[in-house]
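**Student:** Please read through the structure below; I'll follow up with questions.
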Amino acid sequence: METSLRRCGRSHCPPGAVPPECLLRQTRLQAVRATLLIPLVARAHGARCYPWLDCHDADAAHLLSCLQSDAETLLQDRLVVLNVLWRTHVLKAWGREFFARHPHAAGVNLGCGLSNHFQWFDNGHNRWLDADLPEVLALREQLLPVQGERRHNASIDMARDGWWDALELDRLAAGGPLWLLCEGVLMYLPPGRVRALLAEFAERAAPGSVLVLDAISHRGIGQAHMSPSVGPSGAEFRWGLQHSDELLQAHPRLRPWCAARSVAECYGVFGWAAEALSLPWSGAPLYSMHALRV
Ligand SMILES: C[S@@+](CC[C@H](N)C(=O)[O-])C[C@H]1O[C@@H](n2cnc3c(N)ncnc32)[C@H](O)[C@@H]1O
């Protein structure tokens with residue numbers, strides 16, 4: 001994917017900036033990194049297709065305009081747009097509930113892309129860390145520079161052990177619970193890495209910490225070419241749930257924080273019926289959200 005940033009006059013594009021620092025800096029993102037555009041487009045313009053799921057993202061449309069990316073093609077993948085808006089709706093509700101109980105806790109967005117979820121959770125006390133691969137972080141720091149002392153960006157490769165220490169999460173947590181979010185990321189990692197990530201969370205997080213994640217069914221593995229938005233990026237689905245209890249079995253400390261949700265709920269009674277009929281084949285919902293605690 002090739003995108004160009006254009007001067008917009010906001011903090012990442014100050015009026016005095018001289019090319020190539022800002023005006024026409026070329027950015028190349030490959031495969032899974034390029035998938036960050038998909039949720040960004042959904043949050044920016046998806047409400048045109050699903051107005052009842054409008055997430056009112058204050059930044060997404062502006063970021064897209066700076067990237068000068070073609071949103072219309074991605075918007076045509078209605079299933080994925082619905083998935084992203086629905087998951088945003090769910091994670092907003094879960095995050096608000098967590099920070100209402102723990103107003104001084106910190107939040108971490110693992111594989112954050114160009115999202116700005118702190119806009120929904122900032123209560124004036126809590127802190128926030130956005131983490132992604134170095135190339136994405138470089139783009140993020142131009143477009144969404146960190147403002148204020150309570151939020152930070154960090155580069156991380158979740159495919160490696162030791163991400164908890166690399167992000168200095170013990171220091172961020174200061175002995176309290178953390179709220180971690182990993183959306184639209186795990187399905188691109190090998191199954192062994194997903195299990196290792198869950199185990200690292202389970203072993204290192206303080207009691208009360210919560211990890212929110214989304215998952216596809218294992219039937220989606222290797223099927224990215226079927227998706228009009230993910231297919232062209234070159235990314236591939238590598239992990240999916242064989243059955244719904246699999247996440248809890250990754251480590252004995254893991255417990256459900258609340259009941260898992262399935263995107264079937266967006267389709268009403270037809271969605272539930274189709275899911276019930278397909279579960280013997282799919283093993284788990286085709287797309288679902290989970291909140292695990294330790
Ligand atoms: C589909 S995008 C989701 C972005 C963001 N979570 C959102 O919903 O807008 C997938 C993101 O996962 C990140 N990612 C993929 N593999 C990663 C890894 N090994 N470590 C950290 N981030 C990774 C990509 O760079 C990309 O930003």
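We name chains A, B, ... following the order of the structure tokens; residues begin at 1 in each chain, and ligands are numbered from 1 as shown.
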Among the residues of range 25-261 of chain A, find those DSSP assigns to strand (DSSP E) from the backbone and print them as a PyMOL selection string.
**Tutor:** chain A and resi 26-28+106-110+127-132+151-155+178-182+210-216+255-256+261
**Student:** If you run DSSP on this backbone, which residues of range 76-232 of chain A come out as helix (DSSP H, G or I), and could you give them as a ChimeraX atom specification?
**Tutor:** /A:78-101,118-121,134-143,163-166,169-173,186-188,191-204,218-220,224-226,231-232
**Student:** Using only C-alpha atoms and all ligand atoms, find each residue with an atom at most 6 Å away from ligand 1 and format the answer as a PyMOL selection string.
**Tutor:** chain A and resi 32-33+35-36+39-40+111-115+132-133+136+156-159+183-185
**Student:** Those same residues - C-alpha atoms - I'd like them written as a CSV table (one decimal), in the first residue's frame.
**Tutor:**
chain,number,residue,atom,x,y,z
A,32,VAL,CA,-0.8,-6.9,7.8
A,33,ARG,CA,0.4,-3.3,8.5
A,35,THR,CA,-4.8,-3.6,7.2
A,36,LEU,CA,-5.0,-0.7,9.6
A,39,PRO,CA,-10.9,-0.3,10.5
A,40,LEU,CA,-10.0,3.3,10.0
A,111,GLY,CA,-1.7,-3.3,17.5
A,112,CYS,CA,-3.4,0.1,17.7
A,113,GLY,CA,-2.9,1.0,14.0
A,114,LEU,CA,-4.2,4.6,13.6
A,115,SER,CA,-7.0,4.3,16.1
A,132,ASP,CA,2.2,-1.2,17.1
A,133,LEU,CA,5.0,-2.3,14.8
A,136,VAL,CA,3.2,1.9,11.9
A,156,ILE,CA,6.4,-3.4,19.7
A,157,ASP,CA,6.3,-6.7,17.9
A,158,MET,CA,3.7,-8.9,19.5
A,159,ALA,CA,5.0,-11.9,17.6
A,183,GLU,CA,-8.5,-5.9,18.1
A,184,GLY,CA,-8.0,-6.9,14.5
A,185,VAL,CA,-4.6,-8.3,15.3
**Student:** Could you state the separation of CA of Ala61 in chain A and CA of Pro103 in chain A in Å, given to one decimal place?
**Tutor:**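 For CA of Ala61 in chain A relative to CA of Pro103 in chain A, the distance reads 28.9 Å.
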**Student:** Select, from A:Leu82, A:Arg151, A:Leu37, A:Phe201, the residue with the minimum atom-to-atom distance to Tyr50 in chain A, counting only C-alpha atoms.
**Tutor:**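 Comparing A:Leu82, A:Arg151, A:Leu37, A:Phe201 against Tyr50 in chain A, the winner is A:Leu82.
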**Student:** Using only C-alpha atoms, which of the listed residues (A:His251, A:His152, A:Pro177, A:Ala215) sits closest to Glu200 in chain A?
**Tutor:**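 With only C-alpha atoms as the atom set, the closest residue is A:His251.
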**Student:** May I have a table of the residues of range 60-117 of chain A lying at most 10 Å from range 218-237 of chain A, giving each one's closest pair of atoms and their distance in Å to one decimal, counting only C-alpha atoms, ordered by chain and ascending residue number, as JSON lines?
**Tutor:**
{"residue": "A:Thr73", "atom": "CA", "partner": "A:Ser229", "partner_atom": "CA", "distance": 7.8}
{"residue": "A:Leu74", "atom": "CA", "partner": "A:Ser229", "partner_atom": "CA", "distance": 5.5}
{"residue": "A:Leu75", "atom": "CA", "partner": "A:Ser229", "partner_atom": "CA", "distance": 8.4}
{"residue": "A:Gln76", "atom": "CA", "partner": "A:Pro228", "partner_atom": "CA", "distance": 8.0}
{"residue": "A:Asp77", "atom": "CA", "partner": "A:Pro228", "partner_atom": "CA", "distance": 5.9}
{"residue": "A:Arg78", "atom": "CA", "partner": "A:Pro228", "partner_atom": "CA", "distance": 9.4}
{"residue": "A:Leu79", "atom": "CA", "partner": "A:Ser227", "partner_atom": "CA", "distance": 8.9}
{"residue": "A:Val80", "atom": "CA", "partner": "A:Ser229", "partner_atom": "CA", "distance": 7.7}
{"residue": "A:Val81", "atom": "CA", "partner": "A:Ser229", "partner_atom": "CA", "distance": 9.5}
**Student:** When you count only C-alpha atoms, which of these residues is closest to Leu29 in chain A: A:Pro134, A:Phe118, A:Ala199, A:Arg48?
**Tutor:**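 The shortest atom-to-atom distance to Leu29 in chain A comes from A:Pro134.
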**Student:** Just how far from CA of Gly107 in chain A is CA of Arg204 in chain A, in Å to one decimal?
**Tutor:**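 Calculated distance between CA of Arg204 in chain A and CA of Gly107 in chain A is 15.1 Å.
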**Student:** Any idea what the distance is between CA of Trp163 in chain A and CA of Leu197 in chain A?
**Tutor:**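 It comes out at 8.4 Å.
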